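The structure appears right after this line, and notes come after that.
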Amino acid sequence: MSDTVFDKIGGEGAVNAAVDIFYRKVLSDSSISQFFETTDMDAQRVKQKAFLTMAFGGPNNYSGQEMRNAHAPLVAKGLNESHFSAVAGHLQDTLEELKVPSELINEAMAIAASTHDDVLGL
Amino acid sequence: MEKQLVTIYFDGSPLSCDPSKSILDNLLDNNVKATFSCKKGTCLTCVLRTSHDVPKKSQDALKPALIEQGYFLSCQTMPIEGMEILPSEQNDLFIKTTVKEIKQLSGHVAQIFLTPSENFNYRPGQFLNIKNPDGEVRSYSIASTKVQANDTLEIHVKKHQFGKVSNWLGDEVKINDEVEISGPNGDCFYINDQPEQPLLLIGTGTGLAPLLGIMRQALSQNHTGDIKLYHGAVEDDGLYLTDELKKLSDKYSNVEIHLGTLKQSDNKDIVCGSINDIALANHAELKGWKIYLCGDPQMVQTTKQKAFLSGANLADIFSDPFEMKTPVTLD
């Protein structure tokens, strides 16, 4: 079995390094920050970390149905295509900032793209 | 449509519960006398016991010894059909202390020193819970360190209109009286992993207590990085222990004290404005800083986000929001 991006970039340590950078980017982006603002930033960080772990092909426990259910309240608040693209853009920027090789970035972006329909409830 | 109710057993008695509300709220709805304060999973006063499995967040903040005994936070747990629950054993939780000294400071703040009857291990900045004779429980942060005060615990108590425990402590308790405490709780304390790391401490009101404990602890462990403490209040008299703070900044070259009030002060050393805004304006770049935020929950929350966006790692931001007890509403 071939190694996942998660393994190649250094496992959990690398995800920890990425998660603050990624979370800071989405919170600073006023077009999507409303979906990430919360009273409990630590809980939100845990969610971001789970998302990045999944995008890197690492161990995660999310089914498509769970992704759908978890994002349904956000879809009800207006989550749409443009927000999805913005988040994907921040993921790409984060990985580039961390100097992750481009073929691994492509792999991660493909996994993120595969969640599109579940996240947007399509 | 009628709501589907579930039945739980509290101390052997069946109780009909609304499964969409916490166990604590259900107990209160059923007129069971339950101890609680913040209802947000922070103060840890609403612990009960069960042998049933509970969600992780019901126990996350509890000490292993309490989890072992089946303790859980009743405000963070929903009732499940057939669940059996026991009240907390107060002996598991509370120990006796004796009041050693009380100093009345400005701004209706009392500095109270307590001597525990048994060993009480804590980290300065953590909080303890105090029970008044009516069984009401509230949380107070610890300002003392073992180095500076031996076994004596220092807390700061601000009297206010609805403060059932604070007013008892401030008005009625006398030297040599007995006060019951439990704890310590909380994860807002100094960690001596990087002595050269700069520290930013921001607090409002008696949020000074944990910050003072954290600063004293850092200094006793030879912290070499800068320590910038920002204390804010509504007006001048809410700023207390200013002489003691000044002594620390005179004695240690890495300590800097900043005071701020919302109402313009005659004292030119006191800046006008919200203390968190004043601090963040002075420190636009917080990459590599450790940050401690204590006091008003709204201030803590907004400052935490701003500090994070200014470059601080989330793991380096410690906070202690002083959640007030939700006023009882009759509806």
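Note on naming: chains are A, B, ... as they come in the structure tokens, residues start from 1 per chain, ligands start from 1 in the order shown.
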Discussion item. I need the residues in segment 222-312 of chain B that are strand (DSSP E or B) according to DSSP; give them as a PyMOL selection string.
Written reply: chain B and resi 227-233+255-261+270-272+290-295
Taking only C-alpha atoms into account, which residues of chain B are within 7 Å of chain A, as a PDB file with N, CA and C atoms, in the first residue's frame?
```pdb
ATOM      1  N   GLN B 301     -12.926  36.210  24.878  1.00  0.00           N
ATOM      2  CA  GLN B 301     -13.206  35.589  23.590  1.00  0.00           C
ATOM      3  C   GLN B 301     -12.697  36.426  22.411  1.00  0.00           C
ATOM      4  N   LEU B 309      -5.119  35.782  15.396  1.00  0.00           N
ATOM      5  CA  LEU B 309      -4.949  36.371  14.060  1.00  0.00           C
ATOM      6  C   LEU B 309      -3.679  37.219  13.983  1.00  0.00           C
ATOM      7  N   ASN B 313       0.168  31.141  18.392  1.00  0.00           N
ATOM      8  CA  ASN B 313      -0.375  29.792  18.251  1.00  0.00           C
ATOM      9  C   ASN B 313      -1.554  29.635  19.196  1.00  0.00           C
ATOM     10  N   LEU B 314      -2.582  28.919  18.749  1.00  0.00           N
ATOM     11  CA  LEU B 314      -3.731  28.722  19.630  1.00  0.00           C
ATOM     12  C   LEU B 314      -3.308  27.985  20.911  1.00  0.00           C
TER      13      LEU B 314
END
```
Item to complete: Skip Ser220 of chain B itself and residues of its chain fewer than 2 positions away, then list as JSON, numbers by chain all residues within 9 Å of it, counting only C-alpha atoms.
Response: {"B": [145, 147, 148, 215, 216, 217, 218, 222, 223]}
Just to be explicit: take each residue in the selection above, keep N, CA and C atoms, and write the result as a PDB file, in the first residue's frame.
```
ATOM      1  N   THR B 145       1.608  31.841  45.071  1.00  0.00           N
ATOM      2  CA  THR B 145       2.448  30.712  44.655  1.00  0.00           C
ATOM      3  C   THR B 145       3.003  30.069  45.916  1.00  0.00           C
ATOM      4  N   VAL B 147       6.009  29.327  46.445  1.00  0.00           N
ATOM      5  CA  VAL B 147       7.288  29.978  46.774  1.00  0.00           C
ATOM      6  C   VAL B 147       7.049  31.234  47.599  1.00  0.00           C
ATOM      7  N   GLN B 148       6.058  32.012  47.182  1.00  0.00           N
ATOM      8  CA  GLN B 148       5.875  33.339  47.771  1.00  0.00           C
ATOM      9  C   GLN B 148       5.000  33.269  49.023  1.00  0.00           C
ATOM     10  N   MET B 215       2.300  35.471  36.925  1.00  0.00           N
ATOM     11  CA  MET B 215       3.509  36.295  36.867  1.00  0.00           C
ATOM     12  C   MET B 215       4.460  35.944  38.014  1.00  0.00           C
ATOM     13  N   ARG B 216       3.916  35.798  39.223  1.00  0.00           N
ATOM     14  CA  ARG B 216       4.773  35.429  40.356  1.00  0.00           C
ATOM     15  C   ARG B 216       5.458  34.092  40.116  1.00  0.00           C
ATOM     16  N   GLN B 217       4.697  33.144  39.572  1.00  0.00           N
ATOM     17  CA  GLN B 217       5.252  31.818  39.310  1.00  0.00           C
ATOM     18  C   GLN B 217       6.362  31.900  38.258  1.00  0.00           C
ATOM     19  N   ALA B 218       6.094  32.671  37.186  1.00  0.00           N
ATOM     20  CA  ALA B 218       7.098  32.818  36.120  1.00  0.00           C
ATOM     21  C   ALA B 218       8.382  33.418  36.692  1.00  0.00           C
ATOM     22  N   ASN B 222      12.472  31.962  37.320  1.00  0.00           N
ATOM     23  CA  ASN B 222      13.498  32.668  36.539  1.00  0.00           C
ATOM     24  C   ASN B 222      13.137  32.829  35.071  1.00  0.00           C
ATOM     25  N   HIS B 223      11.905  33.207  34.820  1.00  0.00           N
ATOM     26  CA  HIS B 223      11.507  33.500  33.444  1.00  0.00           C
ATOM     27  C   HIS B 223      12.311  34.716  32.974  1.00  0.00           C
TER      28      HIS B 223
END
```
Discussion item. I need the residues in chain A that are alpha helix (DSSP H) according to DSSP; give them as a PyMOL selection string.
Written reply: chain A and resi 5-8+11-28+41-55+64-76+81-97+102-113+116-120
Applying 12 Å and only C-alpha atoms, which residues near Glu97 of chain A remain after dropping the ones on its own chain fewer than 4 positions away? List them as an mmCIF file with all heavy atoms, in the first residue's frame.
```
data_model
loop_
_atom_site.group_PDB
_atom_site.id
_atom_site.type_symbol
_atom_site.label_atom_id
_atom_site.label_comp_id
_atom_site.auth_asym_id
_atom_site.auth_seq_id
_atom_site.Cartn_x
_atom_site.Cartn_y
_atom_site.Cartn_z
ATOM 1 N N ALA A 17 1.197 21.700 12.529
ATOM 2 C CA ALA A 17 1.824 22.921 12.010
ATOM 3 C C ALA A 17 0.888 23.597 11.016
ATOM 4 O O ALA A 17 0.803 24.827 10.961
ATOM 5 C CB ALA A 17 3.146 22.577 11.330
ATOM 6 N N ALA A 18 0.176 22.794 10.237
ATOM 7 C CA ALA A 18 -0.679 23.356 9.189
ATOM 8 C C ALA A 18 -1.965 23.955 9.745
ATOM 9 O O ALA A 18 -2.479 24.935 9.211
ATOM 10 C CB ALA A 18 -1.021 22.274 8.160
ATOM 11 N N ILE A 21 -2.098 27.719 10.745
ATOM 12 C CA ILE A 21 -1.942 28.567 9.552
ATOM 13 C C ILE A 21 -3.250 28.591 8.754
ATOM 14 O O ILE A 21 -3.752 29.648 8.373
ATOM 15 C CB ILE A 21 -0.789 28.035 8.668
ATOM 16 C CG1 ILE A 21 0.530 28.086 9.453
ATOM 17 C CG2 ILE A 21 -0.692 28.826 7.373
ATOM 18 C CD1 ILE A 21 1.712 27.470 8.728
ATOM 19 N N PHE A 22 -3.813 27.404 8.573
ATOM 20 C CA PHE A 22 -5.058 27.287 7.805
ATOM 21 C C PHE A 22 -6.214 28.010 8.513
ATOM 22 O O PHE A 22 -6.944 28.813 7.914
ATOM 23 C CB PHE A 22 -5.381 25.805 7.604
ATOM 24 C CG PHE A 22 -6.715 25.547 6.964
ATOM 25 C CD1 PHE A 22 -6.927 25.836 5.627
ATOM 26 C CD2 PHE A 22 -7.760 25.011 7.713
ATOM 27 C CE1 PHE A 22 -8.169 25.597 5.034
ATOM 28 C CE2 PHE A 22 -8.988 24.779 7.128
ATOM 29 C CZ PHE A 22 -9.195 25.079 5.785
ATOM 30 N N LYS A 25 -6.048 31.680 8.265
ATOM 31 C CA LYS A 25 -6.442 32.166 6.934
ATOM 32 C C LYS A 25 -7.974 32.233 6.782
ATOM 33 O O LYS A 25 -8.502 33.225 6.299
ATOM 34 C CB LYS A 25 -5.869 31.254 5.841
ATOM 35 C CG LYS A 25 -4.377 31.437 5.614
ATOM 36 C CD LYS A 25 -3.915 30.602 4.433
ATOM 37 C CE LYS A 25 -2.389 30.534 4.367
ATOM 38 N NZ LYS A 25 -1.777 31.859 4.158
ATOM 39 N N HIS A 90 -7.564 28.466 0.518
ATOM 40 C CA HIS A 90 -6.757 28.631 1.736
ATOM 41 C C HIS A 90 -5.994 27.350 2.059
ATOM 42 O O HIS A 90 -4.883 27.405 2.583
ATOM 43 C CB HIS A 90 -7.642 29.038 2.908
ATOM 44 C CG HIS A 90 -8.198 30.418 2.775
ATOM 45 N ND1 HIS A 90 -7.394 31.513 2.573
ATOM 46 C CD2 HIS A 90 -9.468 30.889 2.787
ATOM 47 C CE1 HIS A 90 -8.141 32.592 2.470
ATOM 48 N NE2 HIS A 90 -9.412 32.245 2.595
ATOM 49 N N LEU A 91 -6.596 26.212 1.742
ATOM 50 C CA LEU A 91 -5.893 24.946 1.967
ATOM 51 C C LEU A 91 -4.645 24.883 1.077
ATOM 52 O O LEU A 91 -3.545 24.583 1.532
ATOM 53 C CB LEU A 91 -6.832 23.768 1.658
ATOM 54 C CG LEU A 91 -6.179 22.386 1.692
ATOM 55 C CD1 LEU A 91 -5.644 22.070 3.090
ATOM 56 C CD2 LEU A 91 -7.176 21.299 1.269
ATOM 57 N N GLN A 92 -4.852 25.251 -0.195
ATOM 58 C CA GLN A 92 -3.727 25.235 -1.137
ATOM 59 C C GLN A 92 -2.622 26.203 -0.690
ATOM 60 O O GLN A 92 -1.443 25.845 -0.671
ATOM 61 C CB GLN A 92 -4.237 25.623 -2.530
ATOM 62 C CG GLN A 92 -3.119 25.713 -3.558
ATOM 63 C CD GLN A 92 -3.564 25.192 -4.919
ATOM 64 O OE1 GLN A 92 -4.748 24.908 -5.127
ATOM 65 N NE2 GLN A 92 -2.633 25.054 -5.828
ATOM 66 N N ASP A 93 -3.024 27.420 -0.297
ATOM 67 C CA ASP A 93 -2.036 28.416 0.161
ATOM 68 C C ASP A 93 -1.264 27.922 1.374
ATOM 69 O O ASP A 93 -0.062 28.152 1.503
ATOM 70 C CB ASP A 93 -2.732 29.735 0.520
ATOM 71 C CG ASP A 93 -3.296 30.429 -0.721
ATOM 72 O OD1 ASP A 93 -2.937 30.007 -1.832
ATOM 73 O OD2 ASP A 93 -4.103 31.364 -0.550
ATOM 74 N N PRO A 101 5.561 19.545 -1.433
ATOM 75 C CA PRO A 101 5.769 19.349 -2.874
ATOM 76 C C PRO A 101 4.441 19.378 -3.646
ATOM 77 O O PRO A 101 3.417 18.912 -3.137
ATOM 78 C CB PRO A 101 6.398 17.953 -2.959
ATOM 79 C CG PRO A 101 6.960 17.694 -1.603
ATOM 80 C CD PRO A 101 6.124 18.454 -0.638
ATOM 81 N N SER A 102 4.495 19.906 -4.877
ATOM 82 C CA SER A 102 3.245 20.179 -5.596
ATOM 83 C C SER A 102 2.433 18.914 -5.891
ATOM 84 O O SER A 102 1.205 18.952 -5.896
ATOM 85 C CB SER A 102 3.513 20.964 -6.876
ATOM 86 O OG SER A 102 4.363 20.197 -7.707
ATOM 87 N N ILE A 105 0.422 18.353 -2.891
ATOM 88 C CA ILE A 105 -0.651 19.352 -2.798
ATOM 89 C C ILE A 105 -1.804 18.935 -3.706
ATOM 90 O O ILE A 105 -2.968 18.969 -3.299
ATOM 91 C CB ILE A 105 -0.144 20.764 -3.191
ATOM 92 C CG1 ILE A 105 0.906 21.236 -2.178
ATOM 93 C CG2 ILE A 105 -1.307 21.754 -3.272
ATOM 94 C CD1 ILE A 105 1.452 22.631 -2.435
#
```
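Between Ala110 of chain B and the candidates B:Gly295, B:Gly232, B:Gly170, B:Pro210, the tightest atom-to-atom separation, counting only C-alpha atoms, involves B:Gly170.
Closest approach to Gly207 of chain B among B:Val271, B:Leu293, B:Val173, B:Leu241 is made by B:Leu293 (distances from only C-alpha atoms).
Every protein, DNA or RNA residue with an atom at most 8 Å from Gly183 of chain B, where only C-alpha atoms count and chain neighbours fewer than 6 positions away do not, is listed here: Leu93, Phe94, Phe127, Leu128 and Asn129 of chain B.
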